[in-house]
Structure formats: C-alpha cells, structure tokens
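Visitor: Take this structure, written in structure tokens, and hold onto it; I'll ask about it next.
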Amino acid sequence: MTTHRRARGGAGGDAWQRRWRWRWQATLALALTAAACSTNLLHGLDERSANESIGALEHAGIATDKVAEEGGATTFTVRVARQEAARALDLLRSLGLPRDRRHGFAEVYGQPSLIPTASEERARYLDALGGEIERTLETADGVVSARVHLVLEESDPLAADPRPRTAARAAVLIKARGGRAPLPESDVQRLVAGSVPGLDPAAVAVVVTSAPDLADGAGPDAALTAVGPLRVASGSRTTVVGALVAGLVALAGLAALLLLTARKLATLQRDRQAR
C-alpha cells in the first residue's frame, strides 16, 4: 500500500513538473511572439538621417524606435511595427528619405587612390564639388533633395586663343515640398556659379520638381499620443489600452497559476518525504 501511494505521489509530481515546464515554454513563446511584432525598416543610418526618417514617420502616426547598431556608435537602425512596414516604406520613398549620402571633398579625397590618372582625378574633383553643392542646397528649408551635374571648362594649353574650348555649365535638379523652391532661381544660379571656376550664372539650368508634404501622409488620427511609456496613434489608443489591460490580466492569471502550481509541488514533495 505504501509503495502504491509512493508511485501515485511520484507520478503526480512528474505530471505537475511537466505542466510546469509546458507553462514556462508557453510564456517564453508569448514573449518571443511579442518581440517579433516589430521589424527593422532602415539600418546603417547616421544619426541625422535616422532622426529625419523618424520625424517623418511619427508625423504620419507611425511609431518608431531608434536602436544603435553593434560595432559602431555612429550608425542606427529604425524599427517599426510589422504591420506598418509597408506604409512606412511608401511614405519614406515619396519623401525622398533617407537622403543619399553626399560625398564631398572629405569623403572623396579621404579614400586612398593609387596614382590616379588626370581623368580620374578630374572625375573625383567633380564628384566632390557636386556633393558639396548638393549638401549646401539641401540645408534650405523645404528642399527634400538636390542633384547637381557639373561640366568644367576645358582649355587647350597649346592654343593661341586663351578662350576655353568648352565653356563650363551646370544642371541642378531640386525636389521641394509644394513644388516651389525656397530659393529664387537666380540665387541658386549664383550659388552654383560661385562654387565652380569659370561658370557663368546664366549657364546654370535649374529644374524644380514637387515632393509630397509631410501632412499628405498623415491621416485624421495620425498624431501620436502617450500611453505610459509608449507612443501610439490617437485612433489606436483605445485598442492599445484594451490590449495592455488584457495582457496585464493574462499575466496576473498566469502568475497566480504559477504560484498555485509551486504550492502544489511543494505539498507533493512534503508528502513524498513524509512517506
């Protein structure tokens, strides 16, 4: 009889231990599922590009998270909710974000080159000079992006005529919100001409295209509101609060169940020792 009771007690203890492990596995699975609700949207961004993208997304009601990448304190990853990834990508693409990295003189000439030819050196100089002008134009409010193409004047050192064989010229494409450049065309021409030797302002062609305004991607409930430490769209506040309450209730129930299970295991252990 005593052996039968011990067998029953051991079997019961093993069953409770299996249930205990199953509940912990279920809890771990829920935690992993919650962590998988967000996805990487952008990565390898400098802080300025990451902040610009985050500002545009949150203005449109898309909650974001900026995470510093491992191995480098100067690059960041932008994360969004998985269900918002497609809308976030479409919005950033329409706004021209994140902006392409402009290679100025520091970047172009900071890379070593093995005895570049005259043509290679000229190409590097044009790339660096164009990047510097693009950076300057993009600092103007309302300019989403700028592209600059330069042609330097060419002269024949052996020719008797000192005039250049090919005159310098430039083309500028500006993508601005509302389709209106914040700078007059004449100012853009003077700015570019002042950066390129021998370039006449009249030889600078300026084209302005329209970029969507930040407000175009924002719906009526796009503004973010605080729910504890979280920021969510105003229209989703009720749903999020309900989900949080349900989650807290589920966690409380799970904690109570785990406590009862622990007490039951302790009781079974004492019974087994007593027998």
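Note on naming: chains are A, B, ... as they come in the structure tokens, residues start from 1 per chain, ligands start from 1 in the order shown.
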Select from segment 33-192 of chain A everything DSSP, run on the backbone, classes as helix (DSSP H, G or I), then give the selection as a ChimeraX atom specification.
Guide: /A:33-35,47-59,82-95,105-108,118-138,185-192
Visitor: Among the residues of segment 68-103 of chain A, find those DSSP assigns to strand (DSSP E or B) from the backbone and print them as JSON, numbers by chain.
Guide: {"A": [68, 76, 77, 78, 79, 80, 81]}
Visitor: Any chance you can output those residues with N, CA, C and O atoms as a PDB file, in the first residue's frame?
Guide:
```pdb
ATOM      1  N   ALA A  68      20.852  51.860 -31.648  1.00  0.00           N
ATOM      2  CA  ALA A  68      22.250  51.941 -32.069  1.00  0.00           C
ATOM      3  C   ALA A  68      22.731  50.556 -32.488  1.00  0.00           C
ATOM      4  O   ALA A  68      22.476  49.563 -31.802  1.00  0.00           O
ATOM      5  N   PHE A  76      22.700  53.675 -36.945  1.00  0.00           N
ATOM      6  CA  PHE A  76      21.471  53.345 -36.221  1.00  0.00           C
ATOM      7  C   PHE A  76      20.529  52.551 -37.113  1.00  0.00           C
ATOM      8  O   PHE A  76      20.601  52.613 -38.338  1.00  0.00           O
ATOM      9  N   THR A  77      19.653  51.816 -36.439  1.00  0.00           N
ATOM     10  CA  THR A  77      18.582  51.070 -37.094  1.00  0.00           C
ATOM     11  C   THR A  77      17.242  51.652 -36.660  1.00  0.00           C
ATOM     12  O   THR A  77      17.053  51.953 -35.481  1.00  0.00           O
ATOM     13  N   VAL A  78      16.331  51.818 -37.608  1.00  0.00           N
ATOM     14  CA  VAL A  78      14.988  52.314 -37.321  1.00  0.00           C
ATOM     15  C   VAL A  78      14.025  51.137 -37.425  1.00  0.00           C
ATOM     16  O   VAL A  78      13.978  50.446 -38.443  1.00  0.00           O
ATOM     17  N   ARG A  79      13.255  50.917 -36.358  1.00  0.00           N
ATOM     18  CA  ARG A  79      12.305  49.806 -36.297  1.00  0.00           C
ATOM     19  C   ARG A  79      10.882  50.345 -36.226  1.00  0.00           C
ATOM     20  O   ARG A  79      10.635  51.385 -35.602  1.00  0.00           O
ATOM     21  N   VAL A  80       9.957  49.625 -36.848  1.00  0.00           N
ATOM     22  CA  VAL A  80       8.542  49.968 -36.800  1.00  0.00           C
ATOM     23  C   VAL A  80       7.750  48.687 -36.582  1.00  0.00           C
ATOM     24  O   VAL A  80       8.284  47.578 -36.697  1.00  0.00           O
ATOM     25  N   ALA A  81       6.467  48.843 -36.271  1.00  0.00           N
ATOM     26  CA  ALA A  81       5.599  47.675 -36.143  1.00  0.00           C
ATOM     27  C   ALA A  81       5.506  46.961 -37.486  1.00  0.00           C
ATOM     28  O   ALA A  81       5.487  47.600 -38.540  1.00  0.00           O
TER      29      ALA A  81
END
```
Visitor: Quick one: everything within 6 Å of Arg82 of chain A, counting only C-alpha atoms, minus sequence neighbours fewer than 4 positions away in the same chain. Send it as a PyMOL selection string.
Guide: chain A and resi 37-39
Visitor: Nearest to Val207 of chain A among A:Leu183, A:Ile174, A:Leu258, A:Arg87, with distances taken over only C-alpha atoms: which residue is it?
Guide: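 Of A:Leu183, A:Ile174, A:Leu258, A:Arg87, the one nearest Val207 of chain A, counting only C-alpha atoms, is A:Ile174.
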Visitor: Give me, as a tab-separated table (two decimals) with all heavy atoms, in the first residue's frame, all polymer residues having an atom no more than 12 Å from segment 127-139 of chain A, counting only C-alpha atoms and skipping those fewer than 3 positions away in the same chain.
Guide:
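Everything below was put into out_16.tsv:
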```
chain	number	residue	atom	x	y	z
A	96	GLY	N	11.51	61.03	-50.26
A	96	GLY	CA	12.94	61.02	-50.58
A	96	GLY	C	13.81	60.79	-49.37
A	96	GLY	O	14.94	61.29	-49.32
A	99	ARG	N	17.92	60.48	-47.08
A	99	ARG	CA	18.65	61.10	-48.17
A	99	ARG	C	19.94	60.33	-48.48
A	99	ARG	O	20.55	59.76	-47.59
A	99	ARG	CB	19.00	62.55	-47.82
A	99	ARG	CG	17.80	63.42	-47.53
A	99	ARG	CD	18.22	64.84	-47.25
A	99	ARG	NE	17.09	65.67	-46.88
A	99	ARG	CZ	17.16	66.98	-46.65
A	99	ARG	NH1	18.34	67.58	-46.76
A	99	ARG	NH2	16.10	67.68	-46.33
A	100	ASP	N	20.29	60.35	-49.75
A	100	ASP	CA	21.55	59.72	-50.13
A	100	ASP	C	22.71	60.46	-49.48
A	100	ASP	O	22.67	61.68	-49.33
A	100	ASP	CB	21.72	59.74	-51.65
A	100	ASP	CG	20.68	58.88	-52.36
A	100	ASP	OD1	20.20	57.93	-51.72
A	100	ASP	OD2	20.37	59.17	-53.53
A	101	ARG	N	23.71	59.71	-49.13
A	101	ARG	CA	24.89	60.32	-48.53
A	101	ARG	C	25.67	61.10	-49.60
A	101	ARG	O	26.01	60.55	-50.65
A	101	ARG	CB	25.80	59.25	-47.91
A	101	ARG	CG	25.17	58.58	-46.69
A	101	ARG	CD	26.12	57.55	-46.11
A	101	ARG	NE	25.55	56.90	-44.95
A	101	ARG	CZ	26.15	55.92	-44.26
A	101	ARG	NH1	27.35	55.51	-44.64
A	101	ARG	NH2	25.56	55.38	-43.23
A	102	ARG	N	25.91	62.36	-49.34
A	102	ARG	CA	26.65	63.18	-50.28
A	102	ARG	C	28.15	63.04	-50.02
A	102	ARG	O	28.61	63.18	-48.89
A	102	ARG	CB	26.24	64.66	-50.14
A	102	ARG	CG	24.75	64.90	-50.34
A	102	ARG	CD	24.26	64.35	-51.65
A	102	ARG	NE	22.87	64.67	-51.91
A	102	ARG	CZ	22.10	63.97	-52.70
A	102	ARG	NH1	22.59	62.89	-53.29
A	102	ARG	NH2	20.84	64.32	-52.90
A	103	HIS	N	28.90	62.80	-51.07
A	103	HIS	CA	30.35	62.65	-50.95
A	103	HIS	C	31.01	63.97	-51.32
A	103	HIS	O	31.08	64.35	-52.49
A	103	HIS	CB	30.84	61.54	-51.88
A	103	HIS	CG	30.39	60.18	-51.44
A	103	HIS	ND1	30.64	59.04	-52.16
A	103	HIS	CD2	29.70	59.80	-50.35
A	103	HIS	CE1	30.13	58.00	-51.53
A	103	HIS	NE2	29.56	58.43	-50.43
A	104	GLY	N	31.44	64.69	-50.28
A	104	GLY	CA	32.16	65.93	-50.51
A	104	GLY	C	33.66	65.67	-50.61
A	104	GLY	O	34.13	64.54	-50.78
A	105	PHE	N	34.43	66.75	-50.47
A	105	PHE	CA	35.88	66.63	-50.59
A	105	PHE	C	36.45	65.71	-49.50
A	105	PHE	O	37.38	64.94	-49.76
A	105	PHE	CB	36.52	68.01	-50.51
A	105	PHE	CG	36.35	68.82	-51.76
A	105	PHE	CD1	35.37	69.80	-51.83
A	105	PHE	CD2	37.15	68.60	-52.86
A	105	PHE	CE1	35.20	70.55	-52.99
A	105	PHE	CE2	36.99	69.34	-54.03
A	105	PHE	CZ	36.01	70.31	-54.09
A	106	ALA	N	35.89	65.79	-48.28
A	106	ALA	CA	36.43	64.98	-47.18
A	106	ALA	C	36.25	63.50	-47.47
A	106	ALA	O	37.14	62.68	-47.17
A	106	ALA	CB	35.74	65.36	-45.87
A	107	GLU	N	35.10	63.11	-48.04
A	107	GLU	CA	34.85	61.71	-48.30
A	107	GLU	C	35.60	61.21	-49.54
A	107	GLU	O	36.18	60.13	-49.53
A	107	GLU	CB	33.35	61.46	-48.48
A	107	GLU	CG	32.51	61.64	-47.22
A	107	GLU	CD	32.24	63.11	-46.91
A	107	GLU	OE1	32.56	63.97	-47.76
A	107	GLU	OE2	31.74	63.39	-45.82
A	108	VAL	N	35.56	62.01	-50.61
A	108	VAL	CA	36.19	61.57	-51.86
A	108	VAL	C	37.70	61.48	-51.71
A	108	VAL	O	38.33	60.46	-52.05
A	108	VAL	CB	35.82	62.51	-53.01
A	108	VAL	CG1	36.62	62.17	-54.27
A	108	VAL	CG2	34.32	62.41	-53.30
A	109	TYR	N	38.32	62.52	-51.17
A	109	TYR	CA	39.77	62.54	-51.07
A	109	TYR	C	40.27	61.87	-49.79
A	109	TYR	O	41.48	61.76	-49.58
A	109	TYR	CB	40.29	63.97	-51.16
A	109	TYR	CG	40.18	64.51	-52.57
A	109	TYR	CD1	39.11	65.32	-52.93
A	109	TYR	CD2	41.14	64.21	-53.52
A	109	TYR	CE1	39.00	65.82	-54.23
A	109	TYR	CE2	41.05	64.70	-54.82
A	109	TYR	CZ	39.97	65.50	-55.17
A	109	TYR	OH	39.86	65.98	-56.44
A	110	GLY	N	39.34	61.45	-48.95
A	110	GLY	CA	39.75	60.70	-47.76
A	110	GLY	C	40.05	59.26	-48.07
A	110	GLY	O	40.61	58.54	-47.25
A	111	GLN	N	39.65	58.80	-49.27
A	111	GLN	CA	39.92	57.43	-49.68
A	111	GLN	C	41.22	57.38	-50.47
A	111	GLN	O	41.43	58.17	-51.39
A	111	GLN	CB	38.76	56.90	-50.53
A	111	GLN	CG	37.43	56.92	-49.82
A	111	GLN	CD	36.29	56.53	-50.75
A	111	GLN	OE1	36.50	56.27	-51.93
A	111	GLN	NE2	35.08	56.48	-50.20
A	120	GLU	N	40.80	60.48	-64.01
A	120	GLU	CA	40.25	60.00	-62.74
A	120	GLU	C	40.26	61.12	-61.70
A	120	GLU	O	39.30	61.28	-60.94
A	120	GLU	CB	41.05	58.81	-62.24
A	120	GLU	CG	40.85	57.54	-63.06
A	120	GLU	CD	41.76	56.42	-62.59
A	120	GLU	OE1	42.74	56.71	-61.88
A	120	GLU	OE2	41.48	55.27	-62.93
A	121	GLU	N	41.32	61.89	-61.65
A	121	GLU	CA	41.40	62.99	-60.70
A	121	GLU	C	40.34	64.04	-61.00
A	121	GLU	O	39.73	64.60	-60.09
A	121	GLU	CB	42.79	63.60	-60.74
A	121	GLU	CG	43.05	64.63	-59.66
A	121	GLU	CD	43.04	64.04	-58.28
A	121	GLU	OE1	43.29	62.82	-58.15
A	121	GLU	OE2	42.78	64.79	-57.31
A	122	ARG	N	40.09	64.29	-62.27
A	122	ARG	CA	39.06	65.25	-62.66
A	122	ARG	C	37.68	64.76	-62.24
A	122	ARG	O	36.86	65.52	-61.74
A	122	ARG	CB	39.12	65.47	-64.18
A	122	ARG	CG	38.16	66.53	-64.70
A	122	ARG	CD	38.27	66.61	-66.22
A	122	ARG	NE	37.41	67.62	-66.77
A	122	ARG	CZ	37.75	68.89	-66.94
A	122	ARG	NH1	38.97	69.30	-66.59
A	122	ARG	NH2	36.90	69.77	-67.47
A	123	ALA	N	37.43	63.45	-62.45
A	123	ALA	CA	36.14	62.88	-62.07
A	123	ALA	C	35.93	62.94	-60.56
A	123	ALA	O	34.83	63.24	-60.08
A	123	ALA	CB	36.03	61.44	-62.56
A	124	ARG	N	36.97	62.67	-59.81
A	124	ARG	CA	36.87	62.74	-58.36
A	124	ARG	C	36.60	64.18	-57.91
A	124	ARG	O	35.80	64.42	-57.00
A	124	ARG	CB	38.16	62.23	-57.71
A	124	ARG	CG	38.42	60.75	-57.93
A	124	ARG	CD	39.73	60.32	-57.30
A	124	ARG	NE	39.66	60.36	-55.84
A	124	ARG	CZ	40.71	60.23	-55.04
A	124	ARG	NH1	41.91	60.09	-55.56
A	124	ARG	NH2	40.56	60.26	-53.73
A	142	GLY	N	12.60	73.13	-46.83
A	142	GLY	CA	11.69	72.80	-47.91
A	142	GLY	C	12.32	72.00	-49.02
A	142	GLY	O	11.60	71.43	-49.86
A	143	VAL	N	13.64	71.93	-49.06
A	143	VAL	CA	14.32	71.14	-50.09
A	143	VAL	C	14.46	69.71	-49.60
A	143	VAL	O	15.11	69.45	-48.58
A	143	VAL	CB	15.71	71.73	-50.43
A	143	VAL	CG1	16.44	70.81	-51.40
A	143	VAL	CG2	15.56	73.12	-51.02
A	144	VAL	N	13.83	68.78	-50.31
A	144	VAL	CA	13.91	67.38	-49.94
A	144	VAL	C	15.22	66.77	-50.42
A	144	VAL	O	15.90	66.05	-49.69
A	144	VAL	CB	12.71	66.59	-50.51
A	144	VAL	CG1	12.85	65.10	-50.26
A	144	VAL	CG2	11.42	67.11	-49.89
A	145	SER	N	15.58	67.06	-51.66
A	145	SER	CA	16.84	66.56	-52.20
A	145	SER	C	17.29	67.47	-53.33
A	145	SER	O	16.48	68.20	-53.92
A	145	SER	CB	16.71	65.11	-52.70
A	145	SER	OG	15.81	65.05	-53.79
A	146	ALA	N	18.58	67.41	-53.63
A	146	ALA	CA	19.15	68.21	-54.72
A	146	ALA	C	20.19	67.38	-55.44
A	146	ALA	O	20.95	66.63	-54.82
A	146	ALA	CB	19.79	69.49	-54.17
A	147	ARG	N	20.20	67.51	-56.75
A	147	ARG	CA	21.20	66.84	-57.58
A	147	ARG	C	21.88	67.89	-58.45
A	147	ARG	O	21.20	68.75	-59.03
A	147	ARG	CB	20.57	65.78	-58.46
A	147	ARG	CG	19.90	64.65	-57.71
A	147	ARG	CD	20.89	63.73	-57.05
A	147	ARG	NE	21.74	63.07	-58.04
A	147	ARG	CZ	22.67	62.18	-57.73
A	147	ARG	NH1	22.87	61.85	-56.45
A	147	ARG	NH2	23.41	61.62	-58.67
A	148	VAL	N	23.19	67.81	-58.55
A	148	VAL	CA	23.96	68.79	-59.31
A	148	VAL	C	24.88	68.06	-60.26
A	148	VAL	O	25.61	67.14	-59.86
A	148	VAL	CB	24.78	69.70	-58.37
A	148	VAL	CG1	25.63	70.66	-59.18
A	148	VAL	CG2	23.86	70.47	-57.44
A	149	HIS	N	24.84	68.46	-61.53
A	149	HIS	CA	25.73	67.92	-62.55
A	149	HIS	C	26.58	69.06	-63.10
A	149	HIS	O	26.05	70.10	-63.51
A	149	HIS	CB	24.93	67.26	-63.68
A	149	HIS	CG	24.06	66.14	-63.22
A	149	HIS	ND1	24.53	64.86	-63.07
A	149	HIS	CD2	22.75	66.11	-62.85
A	149	HIS	CE1	23.55	64.08	-62.64
A	149	HIS	NE2	22.46	64.82	-62.50
A	150	LEU	N	27.87	68.85	-63.08
A	150	LEU	CA	28.81	69.91	-63.45
A	150	LEU	C	29.63	69.51	-64.67
A	150	LEU	O	29.99	68.33	-64.84
A	150	LEU	CB	29.76	70.23	-62.29
A	150	LEU	CG	29.12	70.66	-60.97
A	150	LEU	CD1	30.20	70.80	-59.90
A	150	LEU	CD2	28.38	71.98	-61.14
A	151	VAL	N	29.92	70.51	-65.50
A	151	VAL	CA	30.85	70.35	-66.61
A	151	VAL	C	31.85	71.49	-66.50
A	151	VAL	O	31.49	72.67	-66.57
A	151	VAL	CB	30.14	70.40	-67.98
A	151	VAL	CG1	31.17	70.31	-69.11
A	151	VAL	CG2	29.13	69.27	-68.10
A	152	LEU	N	33.12	71.15	-66.30
A	152	LEU	CA	34.15	72.17	-66.16
A	152	LEU	C	34.62	72.64	-67.53
A	152	LEU	O	34.53	71.91	-68.53
A	152	LEU	CB	35.34	71.62	-65.37
A	152	LEU	CG	35.05	71.18	-63.92
A	152	LEU	CD1	36.32	70.68	-63.28
A	152	LEU	CD2	34.45	72.32	-63.12
A	170	ALA	N	26.30	73.88	-65.84
A	170	ALA	CA	25.80	73.05	-64.74
A	170	ALA	C	24.30	72.87	-64.87
A	170	ALA	O	23.60	73.71	-65.47
A	170	ALA	CB	26.15	73.68	-63.39
A	171	ALA	N	23.81	71.78	-64.30
A	171	ALA	CA	22.37	71.50	-64.24
A	171	ALA	C	22.03	71.12	-62.81
A	171	ALA	O	22.74	70.32	-62.18
A	171	ALA	CB	22.00	70.37	-65.20
A	172	VAL	N	20.94	71.70	-62.30
A	172	VAL	CA	20.54	71.48	-60.91
A	172	VAL	C	19.09	71.00	-60.90
A	172	VAL	O	18.21	71.62	-61.52
A	172	VAL	CB	20.66	72.77	-60.08
A	172	VAL	CG1	20.23	72.52	-58.64
A	172	VAL	CG2	22.09	73.30	-60.13
A	173	LEU	N	18.86	69.89	-60.22
A	173	LEU	CA	17.50	69.37	-60.03
A	173	LEU	C	17.18	69.43	-58.55
A	173	LEU	O	17.87	68.82	-57.73
A	173	LEU	CB	17.39	67.93	-60.53
A	173	LEU	CG	16.04	67.23	-60.28
A	173	LEU	CD1	14.92	67.94	-61.04
A	173	LEU	CD2	16.11	65.76	-60.67
A	174	ILE	N	16.13	70.18	-58.20
A	174	ILE	CA	15.73	70.35	-56.80
A	174	ILE	C	14.36	69.74	-56.61
A	174	ILE	O	13.42	70.04	-57.36
A	174	ILE	CB	15.71	71.84	-56.41
A	174	ILE	CG1	17.12	72.43	-56.49
A	174	ILE	CG2	15.14	72.02	-55.00
A	174	ILE	CD1	17.18	73.91	-56.20
A	175	LYS	N	14.25	68.89	-55.62
A	175	LYS	CA	12.96	68.32	-55.23
A	175	LYS	C	12.50	69.02	-53.96
A	175	LYS	O	13.12	68.88	-52.90
A	175	LYS	CB	13.10	66.81	-54.99
A	175	LYS	CG	11.78	66.08	-54.87
A	175	LYS	CD	12.02	64.57	-54.79
A	175	LYS	CE	10.69	63.82	-54.77
A	175	LYS	NZ	10.91	62.35	-54.70
A	176	ALA	N	11.44	69.82	-54.10
A	176	ALA	CA	11.00	70.66	-52.98
A	176	ALA	C	9.54	70.37	-52.66
A	176	ALA	O	8.76	69.98	-53.53
A	176	ALA	CB	11.17	72.14	-53.32
A	181	ALA	N	10.61	76.02	-55.01
A	181	ALA	CA	11.91	76.07	-54.34
A	181	ALA	C	11.92	77.20	-53.32
A	181	ALA	O	11.38	78.28	-53.58
A	181	ALA	CB	13.02	76.27	-55.36
A	182	PRO	N	12.53	76.98	-52.16
A	182	PRO	CA	12.60	78.05	-51.16
A	182	PRO	C	13.54	79.17	-51.57
A	182	PRO	O	13.50	80.25	-50.99
A	182	PRO	CB	13.11	77.33	-49.92
A	182	PRO	CG	13.85	76.14	-50.44
A	182	PRO	CD	13.15	75.73	-51.69
A	183	LEU	N	14.37	78.93	-52.59
A	183	LEU	CA	15.31	79.94	-53.09
A	183	LEU	C	14.91	80.34	-54.51
A	183	LEU	O	14.54	79.47	-55.32
A	183	LEU	CB	16.74	79.40	-53.10
A	183	LEU	CG	17.34	78.99	-51.75
A	183	LEU	CD1	18.70	78.35	-51.97
A	183	LEU	CD2	17.46	80.18	-50.82
A	184	PRO	N	14.99	81.60	-54.85
A	184	PRO	CA	14.75	82.01	-56.24
A	184	PRO	C	15.76	81.34	-57.17
A	184	PRO	O	16.88	81.01	-56.77
A	184	PRO	CB	14.92	83.53	-56.20
A	184	PRO	CG	14.76	83.92	-54.77
A	184	PRO	CD	15.26	82.76	-53.97
A	185	GLU	N	15.37	81.16	-58.40
A	185	GLU	CA	16.26	80.51	-59.37
A	185	GLU	C	17.56	81.28	-59.53
A	185	GLU	O	18.64	80.67	-59.66
A	185	GLU	CB	15.55	80.40	-60.72
A	185	GLU	CG	16.39	79.73	-61.80
A	185	GLU	CD	15.64	79.57	-63.10
A	185	GLU	OE1	14.39	79.60	-63.07
A	185	GLU	OE2	16.31	79.42	-64.15
A	187	ASP	N	19.14	82.97	-57.28
A	187	ASP	CA	20.02	82.70	-56.14
A	187	ASP	C	20.70	81.34	-56.28
A	187	ASP	O	21.88	81.18	-55.94
A	187	ASP	CB	19.22	82.75	-54.84
A	187	ASP	CG	18.80	84.16	-54.47
A	187	ASP	OD1	19.29	85.11	-55.12
A	187	ASP	OD2	17.97	84.32	-53.55
A	188	VAL	N	19.96	80.34	-56.76
A	188	VAL	CA	20.55	79.03	-56.97
A	188	VAL	C	21.65	79.11	-58.03
A	188	VAL	O	22.72	78.52	-57.89
A	188	VAL	CB	19.47	78.01	-57.40
A	188	VAL	CG1	20.10	76.66	-57.74
A	188	VAL	CG2	18.43	77.84	-56.30
A	189	GLN	N	21.39	79.88	-59.09
A	189	GLN	CA	22.39	80.04	-60.15
A	189	GLN	C	23.66	80.70	-59.62
A	189	GLN	O	24.78	80.28	-59.93
A	189	GLN	CB	21.80	80.84	-61.31
A	189	GLN	CG	20.74	80.10	-62.09
A	189	GLN	CD	20.09	80.97	-63.15
A	189	GLN	OE1	19.87	82.17	-62.93
A	189	GLN	NE2	19.81	80.38	-64.30
A	190	ARG	N	23.48	81.73	-58.80
A	190	ARG	CA	24.66	82.41	-58.26
A	190	ARG	C	25.42	81.52	-57.29
A	190	ARG	O	26.65	81.54	-57.25
A	190	ARG	CB	24.23	83.71	-57.57
A	190	ARG	CG	23.84	84.82	-58.52
A	190	ARG	CD	23.87	86.17	-57.82
A	190	ARG	NE	22.96	86.20	-56.67
A	190	ARG	CZ	21.68	86.59	-56.76
A	190	ARG	NH1	21.18	86.97	-57.93
A	190	ARG	NH2	20.92	86.60	-55.69
A	191	LEU	N	24.69	80.76	-56.51
A	191	LEU	CA	25.36	79.86	-55.55
A	191	LEU	C	26.21	78.84	-56.27
A	191	LEU	O	27.37	78.59	-55.90
A	191	LEU	CB	24.31	79.18	-54.68
A	191	LEU	CG	24.80	78.34	-53.49
A	191	LEU	CD1	23.76	78.36	-52.37
A	191	LEU	CD2	25.06	76.89	-53.90
A	192	VAL	N	25.65	78.22	-57.31
A	192	VAL	CA	26.40	77.19	-58.04
A	192	VAL	C	27.56	77.82	-58.80
A	192	VAL	O	28.69	77.31	-58.79
A	192	VAL	CB	25.46	76.43	-58.98
A	192	VAL	CG1	26.25	75.43	-59.82
A	192	VAL	CG2	24.37	75.72	-58.20
A	193	ALA	N	27.29	78.95	-59.46
A	193	ALA	CA	28.35	79.59	-60.24
A	193	ALA	C	29.49	80.07	-59.35
A	193	ALA	O	30.66	80.04	-59.76
A	193	ALA	CB	27.76	80.77	-61.02
A	194	GLY	N	29.18	80.49	-58.14
A	194	GLY	CA	30.22	80.93	-57.23
A	194	GLY	C	31.09	79.81	-56.71
A	194	GLY	O	32.15	80.05	-56.13
A	195	SER	N	30.66	78.56	-56.92
A	195	SER	CA	31.43	77.40	-56.44
A	195	SER	C	32.27	76.77	-57.54
A	195	SER	O	33.13	75.94	-57.23
A	195	SER	CB	30.47	76.34	-55.86
A	195	SER	OG	29.65	76.89	-54.85
A	196	VAL	N	32.01	77.12	-58.78
A	196	VAL	CA	32.70	76.48	-59.91
A	196	VAL	C	33.51	77.52	-60.66
A	196	VAL	O	32.95	78.52	-61.13
A	196	VAL	CB	31.69	75.80	-60.85
A	196	VAL	CG1	32.42	75.12	-62.01
A	196	VAL	CG2	30.84	74.80	-60.09
A	197	PRO	N	34.80	77.34	-60.80
A	197	PRO	CA	35.62	78.32	-61.52
A	197	PRO	C	35.17	78.47	-62.98
A	197	PRO	O	34.93	77.48	-63.68
A	197	PRO	CB	37.04	77.74	-61.45
A	197	PRO	CG	36.99	76.79	-60.29
A	197	PRO	CD	35.61	76.24	-60.26
A	206	VAL	N	18.23	75.29	-63.85
A	206	VAL	CA	17.61	74.90	-62.59
A	206	VAL	C	16.23	74.33	-62.87
A	206	VAL	O	15.40	74.98	-63.54
A	206	VAL	CB	17.50	76.09	-61.62
A	206	VAL	CG1	16.84	75.65	-60.31
A	206	VAL	CG2	18.88	76.69	-61.35
```
Visitor: To one decimal place, how far is atom CA of Leu57 of chain A from atom CA of Thr239 of chain A in Å?
Guide: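 So the two atoms, atom CA of Leu57 of chain A and atom CA of Thr239 of chain A, lie 20.3 Å apart.
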Visitor: Determine, counting only C-alpha atoms, which protein, DNA and RNA residues have an atom within 9 Å of an atom of Asn51 of chain A; residues of the same chain fewer than 5 positions away are not included. Present the result as an mmCIF file with N, CA and C atoms, in the first residue's frame.
Guide:
```
data_model
loop_
_atom_site.group_PDB
_atom_site.id
_atom_site.type_symbol
_atom_site.label_atom_id
_atom_site.label_comp_id
_atom_site.auth_asym_id
_atom_site.auth_seq_id
_atom_site.Cartn_x
_atom_site.Cartn_y
_atom_site.Cartn_z
ATOM 1 N N ASP A 46 23.255 57.269 -40.417
ATOM 2 C CA ASP A 46 23.847 58.164 -39.442
ATOM 3 C C ASP A 46 22.726 58.798 -38.628
ATOM 4 N N ALA A 56 9.561 62.109 -39.869
ATOM 5 C CA ALA A 56 8.545 61.984 -40.909
ATOM 6 C C ALA A 56 7.553 60.870 -40.584
ATOM 7 N N LYS A 66 14.511 53.887 -32.463
ATOM 8 C CA LYS A 66 15.873 54.026 -32.985
ATOM 9 C C LYS A 66 16.820 53.244 -32.094
#
```
Visitor: So, counting only C-alpha atoms, which residue among A:Leu91, A:Ala118, A:Pro98, A:Ala85 is closest to Arg48 of chain A?
Guide: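 Looking only at the distances to Arg48 of chain A, the closest residue turns out to be A:Pro98.
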Visitor: Could you check the closest approach to Gly178 of chain A for each of A:Val208, A:Ala202, A:Ala50, A:Ala140 and tell me which residue wins, using only C-alpha atoms?
Guide: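 When distances to Gly178 of chain A are compared using only C-alpha atoms, the smallest one comes from A:Val208.
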